[in-house]
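Printed here is input_31.txt (compact mmCIF, C-alpha atoms):
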# COMPACT_ATOMS: atom_id res chain seq x y z
CA MET A 1 -17.25 -36.80 -1.04
CA LEU A 2 -17.35 -33.46 0.68
CA LYS A 3 -13.97 -32.50 -0.77
CA CYS A 4 -15.09 -33.41 -4.25
CA PHE A 5 -18.16 -31.24 -3.84
CA ALA A 6 -16.03 -28.32 -2.72
CA MET A 7 -13.74 -28.72 -5.70
CA VAL A 8 -16.67 -28.83 -8.09
CA CYS A 9 -18.14 -25.68 -6.61
CA ALA A 10 -14.79 -23.95 -6.73
CA SER A 11 -14.40 -24.90 -10.36
CA ILE A 12 -17.84 -23.57 -11.20
CA VAL A 13 -17.05 -20.26 -9.62
CA LEU A 14 -13.68 -20.14 -11.31
CA ALA A 15 -15.16 -20.93 -14.68
CA SER A 16 -17.92 -18.38 -14.41
CA GLY A 17 -15.72 -15.61 -13.03
CA MET A 18 -18.66 -14.36 -11.09
CA THR A 19 -18.70 -11.79 -8.37
CA ALA A 20 -20.50 -11.66 -5.06
CA ALA A 21 -22.53 -8.86 -3.56
CA GLU A 22 -21.25 -5.32 -3.85
CA PRO A 23 -19.14 -4.17 -0.90
CA GLU A 24 -20.39 -1.50 1.44
CA VAL A 25 -18.53 1.75 0.90
CA THR A 26 -18.27 4.84 3.06
CA VAL A 27 -16.21 7.89 2.20
CA ASP A 28 -14.74 10.61 4.38
CA THR A 29 -13.00 13.73 3.08
CA SER A 30 -12.69 15.55 6.40
CA GLN A 31 -9.01 14.63 6.73
CA LEU A 32 -8.04 15.82 3.27
CA LYS A 33 -4.98 18.09 3.29
CA GLY A 34 -3.36 20.03 0.52
CA PRO A 35 -3.84 23.25 -1.37
CA ARG A 36 -5.82 21.67 -4.15
CA PRO A 37 -9.54 21.14 -3.68
CA LEU A 38 -10.86 17.71 -4.53
CA GLU A 39 -13.68 18.22 -6.97
CA GLU A 40 -16.71 16.00 -6.62
CA GLN A 41 -16.16 14.51 -10.07
CA THR A 42 -12.53 13.68 -9.29
CA LYS A 43 -13.49 12.12 -5.98
CA ALA A 44 -16.17 9.99 -7.59
CA ALA A 45 -13.78 8.83 -10.30
CA ALA A 46 -11.07 7.98 -7.77
CA ILE A 47 -13.45 5.92 -5.66
CA ARG A 48 -14.93 4.14 -8.67
CA ASP A 49 -11.51 3.30 -10.11
CA TYR A 50 -10.15 2.19 -6.75
CA LEU A 51 -13.07 -0.16 -6.08
CA GLU A 52 -12.68 -1.57 -9.57
CA SER A 53 -9.04 -2.21 -8.80
CA TRP A 54 -10.12 -4.55 -5.99
CA GLN A 55 -12.20 -6.48 -8.46
CA GLY A 56 -9.27 -6.55 -10.87
CA MET A 57 -6.95 -7.73 -8.11
CA SER A 58 -9.40 -10.43 -7.09
CA ASP A 59 -9.70 -11.68 -10.66
CA ALA A 60 -5.95 -11.61 -11.18
CA PHE A 61 -5.20 -13.59 -8.01
CA LEU A 62 -8.02 -16.03 -8.62
CA GLN A 63 -6.97 -16.76 -12.18
CA ASN A 64 -3.23 -16.31 -11.59
CA ARG A 65 -3.16 -13.78 -14.40
CA ALA A 66 -0.94 -10.81 -13.65
CA ASP A 67 -1.88 -9.18 -16.94
CA ILE A 68 -5.33 -8.38 -15.51
CA LEU A 69 -3.58 -5.98 -13.13
CA ASP A 70 -2.40 -3.73 -15.95
CA GLU A 71 -5.67 -1.88 -16.25
CA TYR A 72 -5.82 -1.01 -12.57
CA PHE A 73 -2.30 -0.90 -11.15
CA VAL A 74 0.93 0.81 -12.08
CA GLY A 75 4.46 1.16 -10.72
CA THR A 76 5.31 -0.43 -7.39
CA ALA A 77 1.83 -1.80 -6.76
CA ARG A 78 1.70 -3.47 -10.16
CA GLU A 79 5.14 -4.95 -9.67
CA LYS A 80 4.51 -6.30 -6.17
CA LEU A 81 1.10 -7.76 -6.96
CA GLY A 82 2.44 -9.30 -10.15
CA ASN A 83 5.30 -10.93 -8.26
CA ALA A 84 2.90 -12.29 -5.65
CA ILE A 85 0.76 -13.85 -8.38
CA GLU A 86 3.85 -15.41 -9.87
CA GLU A 87 4.82 -16.81 -6.45
CA GLN A 88 1.41 -18.30 -5.76
CA ALA A 89 1.20 -19.79 -9.25
CA LYS A 90 4.57 -21.49 -8.75
CA ALA A 91 3.32 -22.90 -5.45
CA GLY A 92 0.17 -24.26 -7.10
CA LEU A 93 -2.04 -21.81 -5.24
CA HIS A 94 -4.68 -19.37 -6.17
CA THR A 95 -6.48 -16.97 -3.90
CA ARG A 96 -9.65 -15.01 -3.87
CA TYR A 97 -10.01 -11.59 -2.28
CA GLN A 98 -13.67 -10.85 -1.72
CA ASP A 99 -14.10 -7.36 -0.36
CA ARG A 100 -17.01 -6.87 1.99
CA SER A 101 -16.62 -3.23 2.97
CA HIS A 102 -14.44 -0.20 2.49
CA HIS A 103 -14.16 2.88 4.63
CA ILE A 104 -12.25 5.30 2.45
CA GLN A 105 -10.67 8.39 3.91
CA PHE A 106 -9.04 10.91 1.60
CA LEU A 107 -5.79 12.26 3.00
CA PHE A 108 -3.93 14.18 0.34
CA TYR A 109 -4.46 15.54 -3.12
CA SER A 110 -1.10 16.66 -4.40
CA PRO A 111 -0.78 20.30 -5.48
CA GLU A 112 -0.22 19.49 -9.12
CA GLY A 113 -3.07 16.98 -9.19
CA LEU A 114 -0.82 14.04 -9.96
CA SER A 115 -1.59 11.88 -6.95
CA ILE A 116 -4.35 11.18 -4.48
CA GLU A 117 -3.59 9.46 -1.20
CA MET A 118 -6.20 7.81 0.95
CA THR A 119 -6.62 5.12 3.55
CA ASP A 120 -9.09 2.30 3.25
CA ASP A 121 -10.24 0.31 6.26
CA ALA A 122 -11.14 -2.73 4.26
CA GLU A 123 -12.88 -5.89 5.36
CA TYR A 124 -12.58 -8.86 3.09
CA ASP A 125 -12.57 -12.62 2.91
CA LEU A 126 -9.47 -14.36 1.71
CA GLN A 127 -9.99 -17.79 0.25
CA VAL A 128 -6.96 -19.94 -0.43
CA PHE A 129 -6.95 -22.82 -2.89
CA ASP A 130 -4.07 -25.29 -3.16
CA HIS A 131 -4.15 -27.07 -6.51
CA ASP A 132 -7.86 -26.21 -6.72
CA LYS A 133 -8.53 -27.67 -3.32
CA ALA A 134 -10.08 -25.18 -0.94
CA VAL A 135 -7.75 -24.78 2.02
CA SER A 136 -9.47 -22.12 4.06
CA SER A 137 -11.54 -18.99 4.00
CA VAL A 138 -10.33 -16.33 6.39
CA PRO A 139 -12.07 -13.07 7.22
CA ALA A 140 -9.54 -10.27 7.32
CA SER A 141 -9.47 -6.56 7.95
CA ALA A 142 -6.67 -4.14 7.34
CA ARG A 143 -6.01 -0.47 6.82
CA TYR A 144 -4.66 0.05 3.35
CA ILE A 145 -2.72 3.12 2.35
CA ILE A 146 -3.49 3.85 -1.26
CA VAL A 147 -1.83 6.22 -3.69
CA LEU A 148 -3.62 6.78 -6.96
CA THR A 149 -2.10 8.44 -10.01
CA PRO A 150 -3.91 9.52 -13.14
CA ALA A 151 -3.47 7.51 -16.31
CA GLU A 152 -4.99 8.03 -19.74
CA VAL A 153 -8.59 7.35 -18.83
CA ARG A 154 -8.63 6.39 -15.17
CA TRP A 155 -6.91 6.59 -11.81
CA ARG A 156 -4.51 3.73 -11.29
CA VAL A 157 -3.24 2.37 -7.99
CA ARG A 158 0.47 3.11 -7.56
CA VAL A 159 0.82 2.19 -3.89
CA MET A 160 -1.34 -0.35 -2.07
CA GLN A 161 -0.01 -1.25 1.31
CA ALA A 162 -1.80 -2.69 4.29
CA GLY A 163 -1.27 -2.59 8.01
CA SER A 164 -3.44 -3.31 11.01
CA GLN A 165 -6.48 -1.17 11.59
CA MET B 1 -29.48 -12.88 -10.87
CA ARG B 2 -25.84 -13.49 -11.63
CA ALA B 3 -24.80 -11.98 -8.36
CA ARG B 4 -27.34 -14.07 -6.50
CA VAL B 5 -26.09 -17.31 -8.08
CA THR B 6 -22.55 -16.33 -7.20
CA PHE B 7 -23.53 -15.57 -3.67
CA LEU B 8 -25.15 -18.98 -3.31
CA LEU B 9 -22.16 -20.80 -4.76
CA GLY B 10 -19.84 -18.77 -2.58
CA GLY B 11 -21.91 -19.82 0.41
CA LEU B 12 -21.63 -23.47 -0.58
CA ILE B 13 -17.89 -23.21 -0.85
CA LEU B 14 -17.62 -21.53 2.49
CA ALA B 15 -19.75 -24.23 4.01
CA VAL B 16 -17.48 -27.05 2.84
CA MET B 17 -14.18 -25.26 3.40
CA PRO B 18 -12.15 -26.32 6.41
CA ALA B 19 -13.14 -24.17 9.29
CA ALA B 20 -10.84 -21.26 9.96
CA HIS B 21 -10.19 -21.40 13.67
CA ALA B 22 -9.40 -18.30 15.55
CA GLN B 23 -5.76 -17.67 16.22
CA ASP B 24 -4.82 -19.96 19.09
CA GLN B 25 -1.85 -21.44 20.85
CA THR B 26 -1.20 -23.97 18.09
CA LEU B 27 -0.02 -21.13 15.89
CA ASN B 28 2.24 -18.65 17.62
CA LEU B 29 2.76 -15.67 15.35
CA PRO B 30 4.62 -12.42 15.76
CA LYS B 31 2.28 -9.42 15.85
CA SER B 32 4.43 -7.71 13.30
CA ILE B 33 7.84 -7.98 11.73
CA GLU B 34 9.97 -5.45 9.95
CA ALA B 35 10.22 -5.87 6.22
CA GLY B 36 13.11 -8.05 5.19
CA SER B 37 13.90 -9.28 8.69
CA ALA B 38 14.18 -12.92 9.73
CA PHE B 39 11.33 -14.38 11.74
CA SER B 40 9.98 -17.65 12.99
CA ILE B 41 6.57 -19.18 13.46
CA GLN B 42 6.00 -21.58 16.27
CA ASN B 43 3.30 -24.18 16.31
CA ALA B 44 2.18 -26.99 18.52
CA GLY B 45 1.32 -30.55 17.65
CA SER B 46 3.07 -33.27 15.73
CA GLY B 47 3.32 -34.53 12.22
CA GLU B 48 3.64 -32.75 8.92
CA ALA B 49 1.54 -29.77 7.90
CA THR B 50 1.47 -27.07 5.28
CA LEU B 51 2.00 -23.44 6.24
CA TYR B 52 0.64 -20.71 4.01
CA ILE B 53 1.51 -17.04 4.41
CA VAL B 54 -0.68 -15.10 2.05
CA GLY B 55 -1.02 -11.42 1.27
CA PRO B 56 -1.38 -9.32 -1.84
CA GLY B 57 2.30 -8.45 -1.54
CA GLU B 58 3.78 -11.91 -1.22
CA VAL B 59 2.77 -15.55 -0.96
CA LEU B 60 4.75 -18.27 0.81
CA LYS B 61 4.02 -21.97 1.18
CA ARG B 62 6.11 -24.32 3.30
CA THR B 63 5.86 -27.90 4.43
CA VAL B 64 6.54 -27.82 8.17
CA GLN B 65 6.96 -30.22 11.04
CA LEU B 66 4.53 -29.36 13.81
CA GLY B 67 6.12 -28.78 17.17
CA ILE B 68 9.25 -27.39 15.58
CA PRO B 69 9.58 -23.64 14.94
CA THR B 70 9.69 -22.71 11.28
CA TYR B 71 12.42 -20.20 10.50
CA PHE B 72 12.24 -17.72 7.71
CA PRO B 73 15.57 -16.12 6.84
CA ALA B 74 16.04 -12.41 6.25
CA GLY B 75 14.55 -11.35 2.95
CA SER B 76 11.66 -13.83 3.08
CA LEU B 77 9.00 -11.13 3.41
CA CYS B 78 9.97 -7.70 2.15
CA ASN B 79 6.67 -6.17 1.14
CA ALA B 80 4.83 -4.36 3.88
CA GLY B 81 1.27 -5.48 4.35
CA HIS B 82 -1.19 -7.61 6.18
CA TYR B 83 -0.56 -11.34 5.89
CA VAL B 84 -2.92 -14.18 6.65
CA VAL B 85 -1.31 -17.35 7.96
CA ILE B 86 -2.93 -20.74 7.53
CA LEU B 87 -1.57 -23.91 9.02
CA ALA B 88 -3.25 -26.88 7.37
CA GLN B 89 -2.97 -30.48 8.50
CA GLY B 90 -5.36 -32.86 6.88
CA ALA B 91 -8.80 -31.31 6.99
CA GLY B 92 -8.01 -29.07 9.93
CA THR B 93 -6.64 -25.59 9.74
CA ASN B 94 -5.48 -22.93 12.14
CA THR B 95 -5.27 -19.39 11.03
CA GLY B 96 -3.85 -16.11 12.17
CA SER B 97 -2.36 -12.98 10.77
CA PHE B 98 0.46 -10.55 11.22
CA ASP B 99 1.77 -7.37 9.65
CA VAL B 100 4.97 -6.68 7.85
CA THR B 101 5.94 -3.08 8.56
CA PRO B 102 8.21 -0.85 6.50
CA VAL B 103 11.80 -0.28 7.55
CA SER B 104 11.88 3.06 9.33
CA ALA B 105 14.92 4.40 7.49
CA PRO B 106 14.05 6.25 4.27
CA ALA B 107 15.81 4.88 1.22
CA ASN B 108 13.85 6.28 -1.70
CA LEU B 109 11.95 9.47 -2.31
CA SER B 110 9.35 10.09 -4.91
CA PHE B 111 9.63 13.84 -5.34
CA LEU B 112 7.52 15.92 -7.63
CA ALA B 113 8.24 19.62 -7.97
CA LYS B 114 6.05 21.92 -10.02
CA PRO B 115 6.26 23.91 -12.15
CA SER B 116 9.56 23.41 -13.92
CA ARG B 117 9.49 27.03 -15.13
CA LEU B 118 7.91 30.08 -13.56
CA PRO B 119 8.36 33.83 -13.14
CA VAL B 120 10.51 35.20 -10.34
CA ASP B 121 8.99 36.49 -7.12
CA LEU B 122 5.80 34.48 -7.31
CA HIS B 123 4.23 33.86 -3.91
CA ASN B 124 3.70 30.13 -3.27
CA GLY B 125 4.47 29.56 -6.92
CA ILE B 126 6.49 26.40 -6.34
CA THR B 127 5.04 23.24 -4.88
CA GLY B 128 6.88 20.13 -3.84
CA ALA B 129 5.28 16.85 -2.87
CA VAL B 130 7.19 13.85 -1.66
CA TYR B 131 6.42 10.25 -0.79
CA VAL B 132 8.98 8.48 1.40
CA PHE B 133 9.83 4.82 0.82
CA ASP B 134 12.11 2.31 2.47
CA ALA B 135 14.69 0.14 0.75
CA TYR B 136 11.98 -2.31 -0.34
CA HIS B 137 9.80 0.42 -1.82
CA ASN B 138 7.36 0.26 1.06
CA LEU B 139 5.74 3.57 1.89
CA ILE B 140 6.95 4.62 5.34
CA ALA B 141 3.68 5.44 7.06
CA THR B 142 5.13 6.66 10.36
CA PRO B 143 5.74 10.43 10.59
CA THR B 144 9.08 11.21 9.00
CA PRO B 145 10.72 14.64 8.85
CA VAL B 146 11.41 15.97 5.37
CA SER B 147 13.31 19.13 4.50
CA PHE B 148 12.76 21.07 1.32
CA GLU B 149 15.49 23.43 0.10
CA LEU B 150 15.33 25.85 -2.78
CA SER B 151 18.63 27.47 -3.68
CA SER B 152 18.56 30.64 -5.75
CA PRO B 153 21.06 31.21 -8.57
CA SER B 154 22.99 33.48 -6.21
CA GLY B 155 23.28 30.66 -3.68
CA ALA B 156 20.75 31.95 -1.15
CA LEU B 157 18.82 29.12 0.45
CA GLN B 158 15.14 28.92 1.24
CA LYS B 159 14.35 26.02 3.56
CA GLN B 160 11.14 24.52 4.88
CA LEU B 161 10.53 21.50 7.08
CA ALA B 162 7.55 19.20 6.90
CA THR B 163 6.58 15.91 8.48
CA THR B 164 5.01 13.15 6.47
CA ARG B 165 1.51 12.01 7.14
CA ALA B 166 0.87 8.47 5.89
CA GLY B 167 4.10 8.72 3.93
CA ALA B 168 3.41 12.01 2.15
CA ALA B 169 4.55 15.57 2.74
CA TRP B 170 4.23 18.73 0.69
CA ILE B 171 5.12 22.40 0.82
CA GLU B 172 4.67 25.62 -1.11
CA MET B 173 7.50 28.07 -1.68
CA ASP B 174 7.96 31.47 -3.25
CA SER B 175 10.08 31.65 -6.36
CA THR B 176 13.27 33.63 -5.78
CA SER B 177 13.80 37.17 -7.01
CA GLN B 178 16.66 36.20 -9.27
CA GLN B 179 16.25 34.64 -12.67
CA GLY B 180 18.10 31.44 -13.54
CA SER B 181 18.04 27.78 -12.57
CA SER B 182 17.38 26.86 -8.97
CA LYS B 183 17.93 23.51 -7.36
CA PHE B 184 14.95 22.23 -5.41
CA VAL B 185 15.89 19.41 -3.06
CA ALA B 186 13.79 17.20 -0.83
CA ARG B 187 15.67 15.34 1.88
CA ALA B 188 14.59 12.65 4.35
CA GLY B 189 17.16 10.92 6.50
CA ASN B 190 20.18 10.27 4.34
CA VAL B 191 18.41 10.32 1.02
CA SER B 192 17.57 13.25 -1.17
CA SER B 193 16.02 13.94 -4.50
CA ALA B 194 16.48 17.08 -6.58
CA SER B 195 14.62 18.92 -9.29
CA ILE B 196 15.64 21.92 -11.30
CA ILE B 197 13.29 24.88 -11.35
CA ARG B 198 13.90 27.50 -13.97
CA GLN B 199 12.89 30.96 -12.88
CA VAL B 200 12.36 33.48 -15.62
CA PRO B 201 11.92 37.24 -15.36
CA GLY B 202 8.45 38.48 -14.69
CA ASP B 203 6.52 41.05 -16.68
CA PRO B 204 8.19 44.38 -17.41
CA CYS B 205 7.92 46.63 -14.39
CA ASP B 206 8.64 50.00 -15.91
CA LEU B 207 8.89 51.16 -19.52
CA LYS B 208 10.76 54.28 -20.50
CA MET B 209 11.33 55.41 -24.06
CA SER B 210 13.20 58.25 -25.62
CA ALA B 211 12.92 59.83 -29.08
CA GLN B 212 15.52 61.16 -31.52
CA PRO B 213 14.68 62.80 -34.88
CA SER B 214 16.12 61.01 -37.85
CA GLY B 215 15.18 62.94 -41.00
CA GLN B 216 11.41 62.69 -41.54
CA LEU B 217 11.26 59.91 -38.97
CA LEU B 218 11.51 59.68 -35.27
CA ASP B 219 13.77 57.03 -33.73
CA LEU B 220 12.01 55.63 -30.67
CA GLN B 221 13.99 53.48 -28.25
CA THR B 222 13.22 52.03 -24.87
CA ALA B 223 15.62 51.94 -21.97
CA PRO B 224 16.66 48.38 -21.02
CA VAL B 225 13.46 46.65 -19.98
CA ARG B 226 13.51 45.02 -16.53
CA ASP B 227 11.05 43.21 -14.32
CA CYS B 228 10.26 44.48 -10.85
CA SER B 229 13.20 42.54 -9.39
CA GLY B 230 15.64 44.08 -11.83
CA ASN B 231 15.99 41.01 -14.05
CA ALA B 232 16.26 41.66 -17.77
CA VAL B 233 13.04 40.77 -19.55
CA PRO B 234 13.76 38.09 -22.18
CA ASP B 235 14.51 39.03 -25.75
CA GLY B 236 11.51 38.48 -27.95
CA THR B 237 9.07 40.02 -25.48
CA ILE B 238 6.79 42.22 -27.54
CA VAL B 239 6.80 45.98 -26.99
CA THR B 240 4.09 47.99 -28.72
CA PHE B 241 4.70 51.53 -29.96
CA THR B 242 1.65 53.58 -30.87
CA GLU B 243 1.61 56.91 -32.70
CA THR B 244 -1.56 58.98 -32.59
CA TYR B 245 -1.63 62.03 -34.84
CA PRO B 246 -4.29 64.32 -36.30
CA GLY B 247 -6.21 62.14 -38.72
CA GLY B 248 -4.79 58.75 -37.82
CA GLN B 249 -3.06 56.21 -35.63
CA SER B 250 -0.37 53.61 -36.32
CA THR B 251 0.89 50.79 -34.17
CA VAL B 252 4.10 48.77 -34.41
CA ASP B 253 4.93 45.63 -32.39
CA VAL B 254 8.63 45.17 -31.83
CA PRO B 255 10.38 42.27 -30.05
CA LEU B 256 12.94 43.13 -27.43
CA LYS B 257 16.49 42.67 -28.63
CA ARG B 258 19.32 42.85 -26.13
CA ASP B 259 16.93 44.27 -23.53
CA ILE B 260 15.71 47.16 -25.66
CA ALA B 261 13.07 47.75 -28.30
CA GLU B 262 13.61 50.22 -31.11
CA VAL B 263 11.54 51.50 -34.02
CA LYS B 264 11.39 54.36 -36.49
CA MET B 265 8.01 56.02 -36.99
CA PRO B 266 6.90 59.05 -39.08
CA ALA B 267 7.42 62.32 -37.25
CA HIS B 268 3.96 63.83 -37.69
CA ASN B 269 3.61 67.27 -36.24
CA GLY B 270 1.53 67.11 -33.07
CA ALA B 271 1.79 63.32 -32.80
CA THR B 272 1.70 61.50 -29.47
CA PHE B 273 3.80 58.35 -28.99
CA THR B 274 3.10 55.77 -26.34
CA VAL B 275 4.84 52.52 -25.46
CA ALA B 276 3.43 49.41 -23.78
CA SER B 277 4.24 45.78 -23.10
CA GLY B 278 1.56 43.44 -21.89
CA VAL B 279 -0.43 45.37 -19.31
CA ILE B 280 2.40 47.78 -18.55
CA LEU B 281 2.12 51.24 -20.05
CA GLY B 282 5.27 53.35 -20.39
CA ASN B 283 5.82 57.03 -20.79
CA GLN B 284 4.28 59.25 -23.45
CA ILE B 285 6.09 61.63 -25.84
CA ARG B 286 4.45 64.48 -27.73
CA TRP B 287 6.25 65.59 -30.90
CA GLU B 288 6.05 69.21 -32.14
CA LYS B 289 8.16 70.43 -35.01

Written as structure tokens, how would this file's structure read?
Amino acid sequence: MLKCFAMVCASIVLASGMTAAEPEVTVDTSQLKGPRPLEEQTKAAAIRDYLESWQGMSDAFLQNRADILDEYFVGTAREKLGNAIEEQAKAGLHTRYQDRSHHIQFLFYSPEGLSIEMTDDAEYDLQVFDHDKAVSSVPASARYIIVLTPAEVRWRVRVMQAGSQ
Amino acid sequence: MRARVTFLLGGLILAVMPAAHAQDQTLNLPKSIEAGSAFSIQNAGSGEATLYIVGPGEVLKRTVQLGIPTYFPAGSLCNAGHYVVILAQGAGTNTGSFDVTPVSAPANLSFLAKPSRLPVDLHNGITGAVYVFDAYHNLIATPTPVSFELSSPSGALQKQLATTRAGAAWIEMDSTSQQGSSKFVARAGNVSSASIIRQVPGDPCDLKMSAQPSGQLLDLQTAPVRDCSGNAVPDGTIVTFTETYPGGQSTVDVPLKRDIAEVKMPAHNGATFTVASGVILGNQIRWEK
């Protein structure tokens, strides 16, 4: 009975594609190195686009749709995330990454303005579903190294790699 | 409203999900493994269970026998990242996590050198930025020495060393004093990546012209035009000759051809001729019949 209820709830969430509360975000530029100053507008755009990429990633992994990644990720990050979605789909899994907080620290703005590197101490919940059955929800935290590169209208994530905080 | 409904539904799901126990002895995980290396996960208990290893980089699912270590051969996890492990048996789960770290040996460089073309002798005119990756395209986050070398067309070498921070390193270099193509190389460990930087002569440094009468005209000709490093200024660079005489002024723009600019202008008595290119003003000649 309880399992059925969980599956129903999971299906409702899946069908509605809804999002939970906004994550808490803090930003630090004190560690930024490089000859190029990071303008306020550029910083704001990078943060906005990066946070949106988490939402895009969450949607893509929840729906097992790698195509959702295209708007937010490029290069190695796009390839690796896409492969992971393919793997989990083959295994009958889907996952939900619900970010709770981000502490973003800008590290490097490349001289020619073609990449921004930052770390993100992210806290998130990972929910795993096996054939739509909820397996577990695990709180996780990790320090992500992020490299953003500019695309036509937004910053896209080129490298997204986590390690322990 | 939508967010609130979602939050409530999310709460319901969390409430009915199997509890995620803290990492305990039933699930013995390595703290970290190197990307691509073999590893094993030990667990206690008996019976069959399902093991999930989940991260944004890779996802693995295995049916395992509890009490028997589960071996993962080399190449099972190649993408660096933070992985959550869930061992599920019936309604119970045990969870933990571990990291996959990059291989320490650099195997790929992402090297961006700018600009591809610039004047000679420009202080900090060249920038190079590099990201260092391992064989699995994981960014090597540990400090890694990188050397940057800029060779001038004459073969002279300008070298700078940098250490990566979170996988990235950058430098600034002066362009050389000699025009031509220079090779700009970034090297980390046994891998390197090269870019070609084309250095072109700078602005003319000194303009000198001479005058020779040619009938009613005066033949004005510059000496070979060089930049301050002695490189020939490219053909096509515009040189402006100006004649100022009683009652008028005329100006002629002439492109450099084979390093010199030449023009014929009327030889008005009492005229003054000047020559200029860009912001550089050359000598002045006064013509008296």

Requested in this report: Could you tell me which of B:Leu139, B:Leu220, B:Ile53, B:Ala88 comes closest to Gln65 in chain B if we count only C-alpha atoms?
Outcome: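 Checking each candidate against Gln65 in chain B, we get B:Ala88 as the closest.
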
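Reported to one decimal place, the separation of CA of Thr101 in chain B from CA of Ser32 in chain B is 6.8 Å.
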
Query - range 24-36 of chain A surroundings by only C-alpha atoms, 6 Å radius, close-in-sequence under 6 positions cut, as a list in words - result: Ser101, His102, His103, Ile104, Gln105, Phe106, Leu107, Phe108, Tyr109 and Pro111 of chain A

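Atom pair CA of Gly125 in chain B / CA of Ala107 in chain B: separated by 28.4 Å.
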
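The space separating CA of Ile86 in chain B from CA of Ser136 in chain A comes to 7.5 Å.
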
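Distance check against Ala38 in chain B using only C-alpha atoms: of B:Pro201, B:Gly75, B:Gly282, B:Pro69, the minimum falls on B:Gly75.
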
Step by step, gather every atom of range 97-111 of chain A that the file lists, find the box along x, y and z that holds them, add 4 Å on each side, and finally give centre and edge lengths in Å to one decimal, as lines of an AutoDock Vina configuration file.
center_x = -8.9
center_y = 4.4
center_z = -0.4
size_x = 24.2
size_y = 39.9
size_z = 18.1

Report task. Tell me which of B:Gly36, B:Pro102, B:Pro246, B:Gly189 sits closest to Thr272 in chain B, counting all atoms listed in the file. Result -> B:Pro246

Requested in this report: Mind listing whatever residues come within 8 Å of the point (-4.9, -21.9, 6.6)? Use only C-alpha atoms, file coordinates, and give them as a PyMOL selection string.
Outcome: (chain A and resi 128+135-138) or (chain B and resi 20+51-52+84-88+93-95)

Query - For Ile41 in chain B: contacts at 10 Å, only C-alpha atoms, fewer than 4 positions along chain excluded, given as a PyMOL selection string - result: chain B and resi 27-30+51+68-72+85

Query - Residue neighbourhood Gly230 in chain B, 12 Å, all atoms listed in the file, exclusion window fewer than 5 positions, as number ranges by chain - result: B: 120-121, 177-179, 200-206, 224-225, 259

Query raised in the report: Using only C-alpha atoms, which residues sit within 8 Å of Arg198 in chain B once same-chain residues fewer than 3 positions away are excluded, as a list in words?
Result: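 Residues meeting the cut-off are Ser116, Arg117, Leu118, Gln179, Gly180, Ser181 and Ser182 of chain B.
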
Requested in this report: Can you work out which one of B:Val254, B:Leu77, B:Met265, B:Val59 has the shortest atom-to-atom distance to Ala91 in chain A, counting all atoms listed in the file?
Outcome: B:Val59

Query raised in the report: With distances taken over only C-alpha atoms, which of A:Asn64, A:Gln98, A:Met57, A:Ala134 is nearest to Ala91 in chain B?
Result: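 Distance minimum relative to Ala91 in chain B lands on A:Ala134.
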
Query raised in the report: For chain A, which of B:Ala168, B:Val239, B:Ala223, B:Ile260 is the closest residue, counting all atoms listed in the file?
Result: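 Using all atoms listed in the file, chain A sits closest to B:Ala168.
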
**Report entry** Neighbour list for Asp67 in chain A as a list in words, cut-off 9 Å, only C-alpha atoms, skip fewer than 4 positions in-chain
**Finding:**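 In the requested form, the answer reads Ala60, Glu71 and Gly82 of chain A.
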
Please extract range 35-57 of chain A and write it out with C-alpha atoms, as an mmCIF file, in the first residue's frame.
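This is the output file out.cif:
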data_model
loop_
_atom_site.group_PDB
_atom_site.id
_atom_site.type_symbol
_atom_site.label_atom_id
_atom_site.label_comp_id
_atom_site.auth_asym_id
_atom_site.auth_seq_id
_atom_site.Cartn_x
_atom_site.Cartn_y
_atom_site.Cartn_z
ATOM 1 C CA PRO A 35 44.183 39.793 -15.823
ATOM 2 C CA ARG A 36 40.624 40.282 -16.922
ATOM 3 C CA PRO A 37 38.170 41.900 -14.534
ATOM 4 C CA LEU A 38 34.865 40.134 -14.084
ATOM 5 C CA GLU A 39 32.183 42.674 -14.770
ATOM 6 C CA GLU A 40 29.099 42.590 -12.592
ATOM 7 C CA GLN A 41 26.881 41.841 -15.579
ATOM 8 C CA THR A 42 29.077 38.934 -16.662
ATOM 9 C CA LYS A 43 29.155 37.543 -13.145
ATOM 10 C CA ALA A 44 25.389 37.744 -12.822
ATOM 11 C CA ALA A 45 24.890 36.034 -16.183
ATOM 12 C CA ALA A 46 27.350 33.263 -15.318
ATOM 13 C CA ILE A 47 25.637 32.553 -12.010
ATOM 14 C CA ARG A 48 22.165 32.645 -13.531
ATOM 15 C CA ASP A 49 23.133 30.329 -16.387
ATOM 16 C CA TYR A 50 24.980 27.943 -14.088
ATOM 17 C CA LEU A 51 22.050 27.622 -11.683
ATOM 18 C CA GLU A 52 19.749 27.034 -14.626
ATOM 19 C CA SER A 53 22.063 24.275 -15.762
ATOM 20 C CA TRP A 54 21.347 22.437 -12.495
ATOM 21 C CA GLN A 55 17.666 22.640 -13.226
ATOM 22 C CA GLY A 56 18.314 21.427 -16.766
ATOM 23 C CA MET A 57 20.435 18.568 -15.460
#
